[in-house]
Amino acid sequence: MTQSSERATNDYAHLDPVLAELAGLDADDPRRTELRDRLVTEFLPVAQHIARRFGQRGEPHDDLVQVATVGLISAIDRFDPTRGSDFLSFAVPTIMGEVRRHFRDTSWSVRVPRRLKELHLAITGATNELSQHLGRAPTPSELATHLGITKDEVYEGLEASNAYRSSSLDELLVGTDKSVSLGDALGDDDPELMGVENREALQPLLQQLPERERTIILLRFFGNLTQTQIADRIGISQMHVSRLLARTLVDLRKGLLSE
Amino acid sequence: MGEVDVDGTEVTVSEHEPSTTTSDKPAPGADVEVRIAASPAHLSVVRAVAADLAMRADFTLDAISDLKMAVDEACSELISRSVPDGDLVCRFSVEGEQIHFAAEAATTTVVPPSRESFGWRVLTALTDSVNTWVVPGPGGGHVLRFDLVKKRADDVVGL
């Protein structure tokens with residue numbers, strides 16, 4: 001690793017002035033975008049290299065490159081040349097951290113055959129597509145017809161989905177997009193909670209939840225949106241909403257019981 | 001007793017025994033009955049049965065997931081109020097466009113779960129109809145029942 005970093009440092013030395021320039025610009029300087037884009041493009045081989053190192057672990061290579069690129073972008077945004085370290089010794093751990101987080105957040109919790117992984121991916125994609133078209137979540141038979149597979153195969157794929165922690169890389173990317181403010185989905189005061197008798201116990205538990213989980217709970221149980229509508233609003237898959245809801249409900253129930 | 005949901009669907013809510021159900025017999029046409037020790041450790045079995053029946057009855061993915069969570073919620077409530085070493089009995093019936101779930105456990109209290117609780121809010125949001133009530137049990141005890149209905153698809157307005 002040390003060796004390749006040193007070699008890479010030489011390869012990318014010409015970008016040091018660009019990094020310094022970017023770091024010196026004001027947050028709203030229009031030139032930021034241009035410099036940032038150039039840096040992302042030029043450093044992309046570093047992200048690709050790291051993605052390759054994490055290959056062969058059952059995640060699609062393209063997904064890994066995207067995740068590594070997210071890490072690269074965050075490294076470019078956070079890098080401070082005045083601290084004296086060179087960019088790569090800062091960026092490489094940042095990118096690797098992002099990829100590791102991806103494996104932790106979005107991997108199969110048990111070993112699942114490749115065929116079922118592909119089935120799961122196909123079903124996730126078809127679910128998103130059909131939901132847009134139908135205005136509601138599809139049924140297994142609609143998924144089967146759409147994908148040209150048997151209902152039994154859909155059943156298998158849906159069961160396999162239970163072993164997956166997250167459904168798609170898009171969710172990760174949306175999750176890092178600061179422009180999506182989940183807090184906007186509902187007001188801060190949660191007037192919907194009025195009328196729930198144990199709200200004094202519930203309120204702090206809800207406040208402790210990650211913002212996304214809290215928003216999903218409020219939209220589902222106090223806003224009466226369906227999971228598909230929530231998925232659409234937040235930009236994650238229905239299956240992911242389903243998983244987050246179920247998990248959060250269990251946590252809330254435990255919290256309320258321990259009161 | 002009916003409440004109109006935000007999405008316009010009628011959710012039946014009751015604390016009282018519905019007159020149409022024969023309280024001391026399994027739900028008519030019960031397809032599947034599951035009896036477990038009233039312990040959270042076995043909840044996953046009931047959840048899995050709920051999800052599998054709904055999937056094979058061609059429920060929408062939303063409805064499958066809703067039923068699974070509603071069953072989880074109702075059973076958790078029953079387990080938390082169960083007498084020590086009690087059983088939890090769950091019955092599922094697939095009735096055309098809907099699944100009827102009934103569950104019961106011997107409890108120590110005569111008071112059914114509150115309609116104002118968060119758990120009740122969760123149940124009404126997830127199902128098309130939900131009831132809970134207490135009946136006299138064997139040996140002077142009490143049996144708490146949950147009865148819920150989930151339809152195959154939500155009537156979705158304005159996605």
# chains A, B, ... in the order shown; residues from 1 in each chain; ligands from 1
call {"tool": "closest_atom_pairs", "arguments": {"of": "chain A", "to": "chain B", "cutoff": "8 Å", "atoms": "only C-alpha atoms", "output": "tab-separated table"}}
result
residue	atom	partner	partner_atom	distance
A:Gly135	CA	B:Leu159	CA	5.6
A:Arg136	CA	B:Val156	CA	6.5
A:Ala137	CA	B:Thr60	CA	5.6
A:Pro138	CA	B:Thr60	CA	5.2
A:Thr139	CA	B:Thr60	CA	4.0
A:Pro140	CA	B:Asp58	CA	5.7
A:Ser141	CA	B:Asp58	CA	6.4
A:Tyr155	CA	B:Met55	CA	7.2
A:Gly195	CA	B:Glu116	CA	6.7
A:Val196	CA	B:Glu116	CA	5.2
A:Glu197	CA	B:Glu116	CA	5.4
A:Asn198	CA	B:Ser117	CA	6.2
A:Arg199	CA	B:Phe118	CA	7.8
A:Leu202	CA	B:Phe118	CA	7.9
A:Arg220	CA	B:Ala125	CA	7.4
A:Phe221	CA	B:Ala125	CA	5.7
A:Gly223	CA	B:Val6	CA	7.4
A:Asn224	CA	B:Val6	CA	6.2
A:Leu225	CA	B:Asp7	CA	7.7
A:Thr226	CA	B:Asp62	CA	7.1
A:Gln227	CA	B:Asp62	CA	6.0
A:Thr228	CA	B:Asp62	CA	6.8
A:Gln229	CA	B:Leu159	CA	6.0
A:Gln238	CA	B:Asp62	CA	7.7
A:Ser242	CA	B:Ser65	CA	6.3
A:Ala246	CA	B:Met69	CA	6.3
call {"tool": "residues_around", "arguments": {"residues": "range 98-100 of chain B", "least_positions_apart": "3", "cutoff": "7 Å", "atoms": "only C-alpha atoms", "output": "VMD selection string"}}
result
chain B and resid 92 to 95 148 to 152
call {"tool": "atom_distance", "arguments": {"atom1": "CA of Glu33 in chain B", "atom2": "CA of Val71 in chain B"}}
result
13.5 Å
call {"tool": "select_by_dssp", "arguments": {"residues": "range 42-137 of chain A", "states": "alpha helix (DSSP H)", "output": "PyMOL selection string"}}
result
chain A and resi 42-53+61-78+87-105+114-134
call {"tool": "atom_distance", "arguments": {"atom1": "CA of Val40 in chain A", "atom2": "CA of Asp63 in chain A"}}
result
16.8 Å
call {"tool": "residues_around", "arguments": {"residues": "Thr108 in chain B", "least_positions_apart": "5", "cutoff": "8 Å", "atoms": "only C-alpha atoms", "output": "list in words"}}
result
Arg81, Ser82, Val83, Gly141 and His142 of chain B
